[in-house]
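entry29.cif follows (mmCIF, C-alpha atoms and all ligand atoms):
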data_protein
loop_
_atom_site.group_PDB
_atom_site.id
_atom_site.type_symbol
_atom_site.label_atom_id
_atom_site.label_comp_id
_atom_site.auth_asym_id
_atom_site.auth_seq_id
_atom_site.Cartn_x
_atom_site.Cartn_y
_atom_site.Cartn_z
ATOM 1 C CA MET V 854 -44.485 64.656 85.969
ATOM 2 C CA SER V 855 -43.371 61.215 84.781
ATOM 3 C CA HIS V 856 -39.865 60.928 83.411
ATOM 4 C CA HIS V 857 -40.708 57.745 81.586
ATOM 5 C CA ARG V 858 -40.699 57.966 77.843
ATOM 6 C CA SER V 859 -43.824 56.702 76.170
ATOM 7 C CA ALA V 860 -44.273 58.622 72.906
ATOM 8 C CA PRO V 861 -43.156 57.019 69.632
ATOM 9 C CA ILE V 862 -39.424 57.528 69.271
ATOM 10 C CA LEU V 863 -39.502 57.881 65.477
ATOM 11 C CA PRO V 864 -42.564 59.956 64.583
ATOM 12 C CA GLY V 865 -41.067 61.453 61.406
ATOM 13 C CA VAL V 866 -40.761 60.375 57.784
ATOM 14 C CA ALA V 867 -38.502 57.523 56.654
ATOM 15 C CA PHE V 868 -37.075 56.916 53.169
ATOM 16 C CA ILE V 869 -35.653 53.466 52.455
ATOM 17 C CA THR V 870 -33.780 52.502 49.297
ATOM 18 C CA GLY V 871 -34.017 48.803 48.537
ATOM 19 C CA GLY V 872 -37.182 48.927 50.627
ATOM 20 C CA ALA V 873 -39.246 46.462 48.575
ATOM 21 C CA ARG V 874 -37.822 43.306 50.109
ATOM 22 C CA GLY V 875 -35.193 41.762 52.357
ATOM 23 C CA LEU V 876 -33.478 43.941 54.926
ATOM 24 C CA GLY V 877 -34.843 47.197 53.487
ATOM 25 C CA LEU V 878 -38.406 45.955 53.924
ATOM 26 C CA ALA V 879 -37.669 44.843 57.492
ATOM 27 C CA ILE V 880 -36.328 48.336 58.216
ATOM 28 C CA ALA V 881 -39.513 49.893 56.834
ATOM 29 C CA GLN V 882 -41.584 47.642 59.109
ATOM 30 C CA SER V 883 -39.477 48.660 62.100
ATOM 31 C CA PHE V 884 -40.001 52.358 61.328
ATOM 32 C CA ALA V 885 -43.748 51.732 61.101
ATOM 33 C CA LYS V 886 -43.735 49.925 64.459
ATOM 34 C CA GLU V 887 -41.844 52.843 66.053
ATOM 35 C CA GLY V 888 -44.550 55.267 64.945
ATOM 36 C CA ALA V 889 -43.195 56.865 61.752
ATOM 37 C CA ARG V 890 -46.026 58.799 60.093
ATOM 38 C CA GLY V 891 -44.581 58.435 56.610
ATOM 39 C CA ILE V 892 -42.599 55.645 54.977
ATOM 40 C CA VAL V 893 -41.227 55.668 51.449
ATOM 41 C CA LEU V 894 -40.029 52.488 49.749
ATOM 42 C CA PHE V 895 -37.721 53.269 46.823
ATOM 43 C CA ASP V 896 -36.748 50.298 44.672
ATOM 44 C CA ILE V 897 -36.363 48.932 41.127
ATOM 45 C CA GLN V 898 -38.602 45.945 41.853
ATOM 46 C CA PRO V 899 -41.671 45.284 39.639
ATOM 47 C CA PRO V 900 -45.159 46.455 40.694
ATOM 48 C CA ASN V 901 -46.212 43.133 42.293
ATOM 49 C CA THR V 902 -43.256 43.194 44.702
ATOM 50 C CA MET V 903 -43.842 46.867 45.470
ATOM 51 C CA THR V 904 -47.528 46.197 46.181
ATOM 52 C CA ALA V 905 -46.721 43.298 48.508
ATOM 53 C CA ALA V 906 -44.152 45.423 50.322
ATOM 54 C CA HIS V 907 -46.666 48.251 50.700
ATOM 55 C CA ALA V 908 -49.188 45.874 52.274
ATOM 56 C CA SER V 909 -46.673 44.351 54.650
ATOM 57 C CA VAL V 910 -45.564 47.778 55.913
ATOM 58 C CA SER V 911 -49.083 49.208 56.091
ATOM 59 C CA GLN V 912 -50.206 46.597 58.648
ATOM 60 C CA PHE V 913 -47.822 48.183 61.185
ATOM 61 C CA LEU V 914 -48.532 51.860 60.480
ATOM 62 C CA ILE V 915 -50.059 54.211 63.039
ATOM 63 C CA PRO V 916 -53.666 55.191 62.187
ATOM 64 C CA ASP V 917 -52.728 58.351 60.245
ATOM 65 C CA GLY V 918 -49.562 56.838 58.816
ATOM 66 C CA LYS V 919 -48.964 56.363 55.121
ATOM 67 C CA CYS V 920 -46.611 54.292 52.991
ATOM 68 C CA LEU V 921 -45.532 55.355 49.481
ATOM 69 C CA THR V 922 -43.776 53.139 46.972
ATOM 70 C CA ILE V 923 -41.598 54.823 44.362
ATOM 71 C CA HIS V 924 -40.004 52.978 41.493
ATOM 72 C CA GLY V 925 -36.473 54.168 40.758
ATOM 73 C CA ASP V 926 -32.815 53.325 40.382
ATOM 74 C CA VAL V 927 -30.231 54.441 42.972
ATOM 75 C CA THR V 928 -27.627 54.901 40.270
ATOM 76 C CA LYS V 929 -29.765 57.625 38.656
ATOM 77 C CA GLU V 930 -29.654 61.009 40.344
ATOM 78 C CA GLU V 931 -32.845 62.175 38.605
ATOM 79 C CA ASP V 932 -34.771 59.169 40.004
ATOM 80 C CA LEU V 933 -33.626 59.965 43.527
ATOM 81 C CA GLU V 934 -34.382 63.675 43.146
ATOM 82 C CA ARG V 935 -37.878 62.860 41.884
ATOM 83 C CA ALA V 936 -38.418 60.459 44.799
ATOM 84 C CA VAL V 937 -37.314 62.936 47.462
ATOM 85 C CA ALA V 938 -39.452 65.642 45.831
ATOM 86 C CA GLU V 939 -42.471 63.277 45.948
ATOM 87 C CA THR V 940 -41.690 62.483 49.586
ATOM 88 C CA VAL V 941 -41.597 66.139 50.532
ATOM 89 C CA LYS V 942 -44.736 66.867 48.519
ATOM 90 C CA GLU V 943 -46.595 64.137 50.397
ATOM 91 C CA PHE V 944 -45.153 64.500 53.898
ATOM 92 C CA GLY V 945 -43.475 67.920 53.994
ATOM 93 C CA ARG V 946 -40.073 66.576 55.072
ATOM 94 C CA LEU V 947 -37.663 63.624 55.271
ATOM 95 C CA ASP V 948 -36.314 62.691 58.704
ATOM 96 C CA TYR V 949 -34.700 59.276 58.425
ATOM 97 C CA ALA V 950 -33.019 57.552 55.500
ATOM 98 C CA ALA V 951 -31.772 53.979 55.192
ATOM 99 C CA ASN V 952 -29.731 53.303 52.075
ATOM 100 C CA PHE V 953 -30.072 49.552 51.566
ATOM 101 C CA ALA V 954 -30.374 49.064 47.795
ATOM 102 C CA GLY V 955 -27.598 46.649 46.927
ATOM 103 C CA VAL V 956 -26.404 43.786 44.757
ATOM 104 C CA ILE V 957 -23.836 41.087 45.363
ATOM 105 C CA GLY V 958 -22.033 41.408 42.041
ATOM 106 C CA PRO V 959 -19.596 38.946 40.524
ATOM 107 C CA LEU V 960 -18.440 36.024 42.669
ATOM 108 C CA SER V 961 -15.222 34.999 41.006
ATOM 109 C CA ALA V 962 -11.490 35.413 41.307
ATOM 110 C CA THR V 963 -10.124 38.774 40.148
ATOM 111 C CA TRP V 964 -8.484 37.247 37.092
ATOM 112 C CA ASP V 965 -11.792 35.677 36.006
ATOM 113 C CA THR V 966 -13.973 38.738 36.561
ATOM 114 C CA ASN V 967 -15.416 40.901 33.834
ATOM 115 C CA LEU V 968 -14.834 44.657 34.258
ATOM 116 C CA GLU V 969 -18.458 45.585 33.528
ATOM 117 C CA ASP V 970 -19.750 43.202 36.210
ATOM 118 C CA TRP V 971 -17.270 44.655 38.675
ATOM 119 C CA ARG V 972 -18.229 48.212 37.755
ATOM 120 C CA LYS V 973 -21.925 47.406 38.299
ATOM 121 C CA VAL V 974 -21.560 46.345 41.933
ATOM 122 C CA ILE V 975 -19.551 49.471 42.715
ATOM 123 C CA GLU V 976 -22.124 51.563 40.881
ATOM 124 C CA VAL V 977 -25.092 50.258 42.867
ATOM 125 C CA ASN V 978 -23.533 49.660 46.291
ATOM 126 C CA THR V 979 -21.188 52.636 46.443
ATOM 127 C CA PHE V 980 -22.248 55.299 43.924
ATOM 128 C CA GLY V 981 -25.879 54.451 44.749
ATOM 129 C CA VAL V 982 -25.385 55.006 48.474
ATOM 130 C CA TRP V 983 -23.443 58.210 47.873
ATOM 131 C CA LEU V 984 -26.044 59.573 45.438
ATOM 132 C CA SER V 985 -28.922 58.659 47.754
ATOM 133 C CA MET V 986 -27.158 60.385 50.606
ATOM 134 C CA LYS V 987 -26.433 63.467 48.495
ATOM 135 C CA VAL V 988 -30.091 63.983 47.621
ATOM 136 C CA GLN V 989 -31.305 63.153 51.149
ATOM 137 C CA LEU V 990 -28.775 65.500 52.773
ATOM 138 C CA LYS V 991 -29.867 68.404 50.585
ATOM 139 C CA GLN V 992 -33.422 67.970 51.829
ATOM 140 C CA MET V 993 -32.472 67.406 55.467
ATOM 141 C CA LEU V 994 -30.249 70.471 55.548
ATOM 142 C CA SER V 995 -33.107 72.600 54.222
ATOM 143 C CA GLN V 996 -35.532 71.717 57.044
ATOM 144 C CA SER V 997 -35.755 72.447 60.755
ATOM 145 C CA SER V 998 -35.637 69.659 63.326
ATOM 146 C CA LEU V 999 -38.706 67.918 64.666
ATOM 147 C CA SER V 1000 -39.354 69.809 67.878
ATOM 148 C CA ASP V 1001 -39.271 68.498 71.443
ATOM 149 C CA LEU V 1002 -38.334 64.922 70.698
ATOM 150 C CA GLU V 1003 -35.450 64.853 73.122
ATOM 151 C CA PRO V 1004 -35.514 68.064 75.160
ATOM 152 C CA GLY V 1005 -32.050 69.327 76.042
ATOM 153 C CA ARG V 1006 -30.286 67.473 73.227
ATOM 154 C CA VAL V 1007 -28.814 69.003 70.103
ATOM 155 C CA GLU V 1008 -31.406 69.344 67.394
ATOM 156 C CA GLN V 1009 -31.618 66.590 64.794
ATOM 157 C CA ARG V 1010 -32.618 67.713 61.318
ATOM 158 C CA GLY V 1011 -32.107 64.261 59.896
ATOM 159 C CA SER V 1012 -30.410 60.917 60.317
ATOM 160 C CA ILE V 1013 -28.998 58.654 57.623
ATOM 161 C CA VAL V 1014 -27.956 55.000 57.943
ATOM 162 C CA ASN V 1015 -25.985 53.538 55.051
ATOM 163 C CA CYS V 1016 -25.678 49.828 54.449
ATOM 164 C CA ALA V 1017 -22.170 48.426 54.709
ATOM 165 C CA SER V 1018 -21.536 44.767 55.597
ATOM 166 C CA VAL V 1019 -19.060 42.672 57.530
ATOM 167 C CA ASN V 1020 -17.290 42.958 54.164
ATOM 168 C CA SER V 1021 -16.537 46.583 55.114
ATOM 169 C CA ILE V 1022 -14.141 45.126 57.699
ATOM 170 C CA GLN V 1023 -13.175 41.757 56.250
ATOM 171 C CA GLY V 1024 -12.841 40.223 52.805
ATOM 172 C CA GLY V 1025 -13.568 36.891 51.188
ATOM 173 C CA ALA V 1026 -11.965 35.234 48.176
ATOM 174 C CA GLY V 1027 -14.147 35.778 45.120
ATOM 175 C CA THR V 1028 -15.763 38.975 46.439
ATOM 176 C CA THR V 1029 -13.439 41.798 45.397
ATOM 177 C CA GLY V 1030 -16.256 43.918 43.956
ATOM 178 C CA TYR V 1031 -18.658 43.483 46.877
ATOM 179 C CA THR V 1032 -15.914 43.889 49.456
ATOM 180 C CA ALA V 1033 -14.527 47.011 47.789
ATOM 181 C CA SER V 1034 -18.023 48.500 47.486
ATOM 182 C CA LYS V 1035 -18.674 47.993 51.210
ATOM 183 C CA HIS V 1036 -15.287 49.294 52.369
ATOM 184 C CA ALA V 1037 -16.095 52.378 50.308
ATOM 185 C CA VAL V 1038 -19.470 52.792 52.037
ATOM 186 C CA LEU V 1039 -17.642 52.944 55.359
ATOM 187 C CA GLY V 1040 -15.289 55.621 54.018
ATOM 188 C CA LEU V 1041 -17.973 57.812 52.493
ATOM 189 C CA THR V 1042 -20.063 57.471 55.661
ATOM 190 C CA LYS V 1043 -17.218 58.795 57.818
ATOM 191 C CA ALA V 1044 -16.505 61.750 55.532
ATOM 192 C CA ALA V 1045 -20.165 62.719 55.105
ATOM 193 C CA ALA V 1046 -20.741 62.338 58.850
ATOM 194 C CA LEU V 1047 -18.087 64.976 59.505
ATOM 195 C CA GLU V 1048 -19.563 67.277 56.867
ATOM 196 C CA ALA V 1049 -23.087 67.076 58.259
ATOM 197 C CA ARG V 1050 -22.643 66.812 62.036
ATOM 198 C CA SER V 1051 -22.487 70.566 62.668
ATOM 199 C CA GLN V 1052 -25.682 70.986 60.643
ATOM 200 C CA GLY V 1053 -27.797 68.665 62.786
ATOM 201 C CA VAL V 1054 -27.668 65.597 60.552
ATOM 202 C CA ARG V 1055 -26.105 62.336 61.689
ATOM 203 C CA VAL V 1056 -24.693 59.870 59.177
ATOM 204 C CA ASN V 1057 -23.772 56.329 60.225
ATOM 205 C CA CYS V 1058 -23.583 52.910 58.653
ATOM 206 C CA VAL V 1059 -24.354 49.364 59.768
ATOM 207 C CA SER V 1060 -22.685 46.086 58.957
ATOM 208 C CA PRO V 1061 -25.075 43.148 58.988
ATOM 209 C CA GLY V 1062 -23.698 39.637 59.232
ATOM 210 C CA PHE V 1063 -25.306 36.738 57.335
ATOM 211 C CA LEU V 1064 -29.007 36.726 56.465
ATOM 212 C CA LEU V 1065 -30.455 34.510 53.801
ATOM 213 C CA THR V 1066 -32.106 37.128 51.557
ATOM 214 C CA LYS V 1067 -32.582 37.029 47.785
ATOM 215 C CA LEU V 1068 -29.339 38.985 47.436
ATOM 216 C CA LEU V 1069 -27.501 35.770 48.166
ATOM 217 C CA GLU V 1070 -29.328 33.565 45.664
ATOM 218 C CA PRO V 1071 -26.645 33.944 42.985
ATOM 219 C CA ALA V 1072 -24.050 32.982 45.543
ATOM 220 C CA MET V 1073 -26.028 29.932 46.629
ATOM 221 C CA LYS V 1074 -26.400 28.835 43.008
ATOM 222 C CA VAL V 1075 -22.668 28.964 42.576
ATOM 223 C CA ALA V 1076 -22.364 26.989 45.767
ATOM 224 C CA GLU V 1077 -24.621 24.305 44.338
ATOM 225 C CA GLY V 1078 -22.084 23.071 41.951
ATOM 226 C CA GLN V 1079 -19.928 25.326 39.950
ATOM 227 C CA THR V 1080 -16.808 27.394 40.472
ATOM 228 C CA SER V 1081 -15.183 28.926 43.507
ATOM 229 C CA ALA V 1082 -17.384 31.105 45.673
ATOM 230 C CA ALA V 1083 -17.665 32.563 49.106
ATOM 231 C CA LEU V 1084 -20.642 30.288 49.799
ATOM 232 C CA ALA V 1085 -19.377 27.052 48.311
ATOM 233 C CA GLY V 1086 -19.947 23.774 50.121
ATOM 234 C CA ASP V 1087 -21.152 24.121 53.696
ATOM 235 C CA ALA V 1088 -19.747 27.648 53.980
ATOM 236 C CA TRP V 1089 -23.151 29.108 54.917
ATOM 237 C CA GLU V 1090 -23.510 26.827 57.940
ATOM 238 C CA GLY V 1091 -19.979 27.806 58.908
ATOM 239 C CA TYR V 1092 -20.850 31.502 58.719
ATOM 240 C CA GLU V 1093 -23.913 30.989 60.896
ATOM 241 C CA ARG V 1094 -21.955 28.978 63.444
ATOM 242 C CA ARG V 1095 -19.401 31.766 63.676
ATOM 243 C CA GLN V 1096 -22.275 34.271 63.937
ATOM 244 C CA GLY V 1097 -23.657 32.197 66.811
ATOM 245 C CA ARG V 1098 -27.016 31.426 65.169
ATOM 246 C CA LYS V 1099 -29.405 32.197 62.363
ATOM 247 C CA ALA V 1100 -30.350 35.883 62.301
ATOM 248 C CA SER V 1101 -33.762 37.357 61.515
ATOM 249 C CA PHE V 1102 -34.341 40.298 59.178
ATOM 250 C CA GLU V 1103 -36.173 42.260 61.849
ATOM 251 C CA GLU V 1104 -33.097 42.194 64.074
ATOM 252 C CA VAL V 1105 -31.422 44.348 61.428
ATOM 253 C CA GLY V 1106 -34.560 46.451 60.878
ATOM 254 C CA ASP V 1107 -34.811 47.426 64.529
ATOM 255 C CA VAL V 1108 -31.145 48.431 64.814
ATOM 256 C CA VAL V 1109 -31.338 50.692 61.771
ATOM 257 C CA ALA V 1110 -34.545 52.355 62.939
ATOM 258 C CA LEU V 1111 -33.254 52.881 66.491
ATOM 259 C CA LEU V 1112 -29.982 54.317 65.182
ATOM 260 C CA CYS V 1113 -32.078 57.092 63.607
ATOM 261 C CA SER V 1114 -33.535 58.124 66.948
ATOM 262 C CA PRO V 1115 -32.357 61.455 68.395
ATOM 263 C CA ARG V 1116 -31.510 59.433 71.513
ATOM 264 C CA MET V 1117 -28.460 58.340 69.529
ATOM 265 C CA SER V 1118 -27.381 61.990 69.307
ATOM 266 C CA LEU V 1119 -23.646 61.415 69.913
ATOM 267 C CA VAL V 1120 -23.334 58.473 67.501
ATOM 268 C CA VAL V 1121 -21.751 59.913 64.370
ATOM 269 C CA GLY V 1122 -19.818 58.244 61.560
ATOM 270 C CA HIS V 1123 -20.059 54.875 63.307
ATOM 271 C CA ASN V 1124 -20.078 51.447 61.676
ATOM 272 C CA LEU V 1125 -22.456 49.441 63.862
ATOM 273 C CA VAL V 1126 -21.871 45.732 63.393
ATOM 274 C CA ILE V 1127 -25.049 43.586 63.561
ATOM 275 C CA ASP V 1128 -23.563 40.115 63.344
ATOM 276 C CA GLY V 1129 -24.093 38.205 66.597
ATOM 277 C CA GLY V 1130 -20.338 38.374 67.250
ATOM 278 C CA PHE V 1131 -19.159 37.084 63.878
ATOM 279 C CA THR V 1132 -16.400 39.636 63.385
ATOM 280 C CA ILE V 1133 -15.035 39.330 66.929
ATOM 281 C CA ASN V 1134 -15.010 35.546 66.852
ATOM 282 C CA GLU V 1135 -11.545 34.176 66.161
ATOM 283 C CA ASN V 1136 -12.971 30.682 65.793
ATOM 284 C CA PRO V 1137 -14.444 29.716 62.437
ATOM 285 C CA THR V 1138 -17.103 27.578 64.171
HETATM 286 N N1 LIG V 1201 -28.268 39.530 53.351
HETATM 287 C C1 LIG V 1201 -27.128 39.670 54.003
HETATM 288 O O1 LIG V 1201 -26.607 38.736 54.612
HETATM 289 C C2 LIG V 1201 -26.448 41.016 54.007
HETATM 290 C C3 LIG V 1201 -25.336 41.185 54.840
HETATM 291 C C4 LIG V 1201 -24.689 42.410 54.867
HETATM 292 C C5 LIG V 1201 -25.156 43.435 54.078
HETATM 293 N N2 LIG V 1201 -26.238 43.260 53.274
HETATM 294 C C6 LIG V 1201 -26.684 44.389 52.466
HETATM 295 O O2 LIG V 1201 -28.036 44.653 52.745
HETATM 296 C C7 LIG V 1201 -28.586 45.401 51.670
HETATM 297 C C8 LIG V 1201 -29.952 44.799 51.319
HETATM 298 O O3 LIG V 1201 -29.756 43.513 50.767
HETATM 299 P P1 LIG V 1201 -30.674 42.260 51.085
HETATM 300 O O4 LIG V 1201 -29.814 41.235 51.671
HETATM 301 O O5 LIG V 1201 -31.892 42.696 51.824
HETATM 302 O O6 LIG V 1201 -31.021 41.763 49.608
HETATM 303 P P2 LIG V 1201 -32.260 41.942 48.636
HETATM 304 O O7 LIG V 1201 -31.759 41.554 47.288
HETATM 305 O O8 LIG V 1201 -33.452 41.241 49.158
HETATM 306 O O9 LIG V 1201 -32.560 43.503 48.681
HETATM 307 C C9 LIG V 1201 -31.861 44.429 47.897
HETATM 308 C C10 LIG V 1201 -32.865 45.393 47.314
HETATM 309 O O10 LIG V 1201 -32.147 46.414 46.596
HETATM 310 C C11 LIG V 1201 -32.866 46.675 45.405
HETATM 311 N N3 LIG V 1201 -31.980 47.236 44.393
HETATM 312 C C12 LIG V 1201 -30.926 46.636 43.780
HETATM 313 N N4 LIG V 1201 -30.391 47.464 42.882
HETATM 314 C C13 LIG V 1201 -31.096 48.616 42.916
HETATM 315 C C14 LIG V 1201 -31.025 49.842 42.222
HETATM 316 N N5 LIG V 1201 -30.097 50.057 41.281
HETATM 317 N N6 LIG V 1201 -31.901 50.822 42.534
HETATM 318 C C15 LIG V 1201 -32.868 50.609 43.477
HETATM 319 N N7 LIG V 1201 -32.989 49.471 44.162
HETATM 320 C C16 LIG V 1201 -32.111 48.481 43.881
HETATM 321 C C17 LIG V 1201 -33.401 45.300 44.979
HETATM 322 O O11 LIG V 1201 -34.441 45.424 44.037
HETATM 323 C C18 LIG V 1201 -33.828 44.711 46.317
HETATM 324 O O12 LIG V 1201 -35.168 45.008 46.626
HETATM 325 C C19 LIG V 1201 -27.554 45.332 50.538
HETATM 326 O O13 LIG V 1201 -26.840 46.554 50.472
HETATM 327 C C20 LIG V 1201 -26.630 44.212 50.980
HETATM 328 O O14 LIG V 1201 -25.326 44.367 50.473
HETATM 329 C C21 LIG V 1201 -26.900 42.057 53.227
#
Give the structure from the file, written as structure tokens.
Ligand SMILES: NC(=O)c1ccc[n+]([C@@H]2O[C@H](COP(=O)([O-])OP(=O)(O)OC[C@H]3O[C@@H](n4cnc5c(N)ncnc54)[C@H](O)[C@@H]3O)[C@@H](O)[C@H]2O)c1
Amino acid sequence: MSHHRSAPILPGVAFITGGARGLGLAIAQSFAKEGARGIVLFDIQPPNTMTAAHASVSQFLIPDGKCLTIHGDVTKEEDLERAVAETVKEFGRLDYAANFAGVIGPLSATWDTNLEDWRKVIEVNTFGVWLSMKVQLKQMLSQSSLSDLEPGRVEQRGSIVNCASVNSIQGGAGTTGYTASKHAVLGLTKAAALEARSQGVRVNCVSPGFLLTKLLEPAMKVAEGQTSAALAGDAWEGYERRQGRKASFEEVGDVVALLCSPRMSLVVGHNLVIDGGFTINENPT
């Protein structure tokens, strides 16, 4: 008997918040390439973006695989409950979740920042991740594990990857809301990981470095001429130099998908940095 592994490593059902574009979409594509039979994209994007995302994931699906798009807001518990119920109705279960819905929020000094803008970034990036996780965990804890994926390992009933950022470790002037929201994701990931580990569900988070997605457009606009901002001047080039190079979205997608594999069985409550060495580089360039 061959000891080489050849079957898909992620044959289950994946649920991705913020899945309609950017890093969330890249994660969905990675799940499809690793053989997931069901993929759910949950997002507030309009129908045209959802349709394009559906098509770009579908091209990678296994023959019997299916992609669902569900419109909803991660700050609304009823939207998430409806989405998980639809997922289970369609696929019978939910094995992997990636919580990547996020916004950048206000980019201004504390003394110039409006409370409502600050509250909004915390609401989406922190409350949204916590709420998503709450609803996903309830489903995962109610199901048995997928059998025989990794014989001899502890059973995995589910795996959740939350989106933090290098701003879960570091800060930048003009980013108090974003930085606070991402530090909080790290904290809630650790606590939930300890709650769920004895029940066969792993919870981790990842911290991507610098990828030029639409999330950063507001920051780039500020950089084009106006006030202080994390991306002012040639800051972006500086970030990429410190990161070592330009990063591609699929490099984040693959890490998130692989972190959901039962082969990662002992990885619990971890913050996996995906930044080309940015955070360990003492040199700014
Ligand atoms: N781009 C980077 O360099 C970078 C670095 C570190 C972390 N991140 C994080 O990655 C995640 C994805 O961001 P991205 O860079 O792909 O940007 P993006 O703007 O392309 O994607 C974010 C997605 O989240 C969705 N979204 C926003 N608010 C929502 C809500 N209330 N409910 C449902 N969906 C909502 C958006 O519609 C969008 O599709 C974010 O959490 C972001 O903080 C990005």
Listed atoms of ligand LIG 1201 (chain V) boxed along x, y and z, 4 Å each side, centre and edge lengths in Å, one decimal, as JSON:
{"center_x": -29.9, "center_y": 44.8, "center_z": 48.1, "size_x": 18.5, "size_y": 20.1, "size_z": 21.6}
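Nearest-residue note for Trp1089 (chain V): choosing from V:Gly875, V:Gly955, V:Pro1137, V:Gly981, the minimum distance belongs to V:Pro1137, counting only C-alpha atoms.
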Review point. Which neighbours of region 1093-1104 of chain V fall inside 9 Å, counting all atoms listed in the file, when residues of the same chain fewer than 5 positions from it are skipped, and could you give them as a PyMOL selection string?
Key: chain V and resi 875-880+882-883+1062-1066+1088+1109+1127-1132+1134-1138
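Environment of (-32.8, 58.4, 54.9): residues at most 6 Å away, judged by all atoms listed in the file, are Phe868, Tyr949, Ala950, Ala951 and Ile1013 of chain V.
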Point to revise | Atomic distance atom P2 of ligand LIG 1201 (chain V) - CA of Val927 (chain V), expressed in Å with one decimal | key: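 Computed distance, atom P2 of ligand LIG 1201 (chain V) to CA of Val927 (chain V), equals 13.9 Å.
Among the candidates V:Ser1021, V:Thr966, V:Asn901, V:Gln992, the one nearest to Lys942 (chain V) when counting only C-alpha atoms is V:Gln992.
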Study note, to complete from the structure: Atom pair CA of Arg858 (chain V) + CA of Leu1047 (chain V), distance 29.9 Å
Review point. Selected by the PyMOL selection byres (((chain V and resi 956-961) around 9) and not hetatm) in the shown coordinates: which residues, as an MDAnalysis selection string?
Key: chainID V and resid 954:955 962:967 970:975 977:978 1026:1031 1068:1069 1071:1072 1075 1080:1083
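Closest to ligand LIG 1201 (chain V) among V:Pro861, V:Gly945, V:Gly1122, V:Pro899 is V:Pro899, based on only C-alpha atoms and all ligand atoms.
For the choices V:Thr870, V:Asn1057, V:Ser1018, V:Thr1042, the atom-to-atom distance to Ser1114 (chain V) is smallest for V:Asn1057 when using all atoms listed in the file.
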**Study point:** Nearest residue to ligand LIG 1201 (chain V) from the set V:Leu947, V:Ala905, V:Ala1017, V:Leu1119 (distances using all atoms listed in the file)
**Key:**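 Selected residue with least distance to ligand LIG 1201 (chain V): V:Ala1017.
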Check your understanding: Nearest to ligand LIG 1201 (chain V): which of V:Gln1023, V:Gln996, V:Asn952, V:Thr904 is it, counting only C-alpha atoms and all ligand atoms?
Key ->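 The shortest atom-to-atom distance to ligand LIG 1201 (chain V) comes from V:Asn952.
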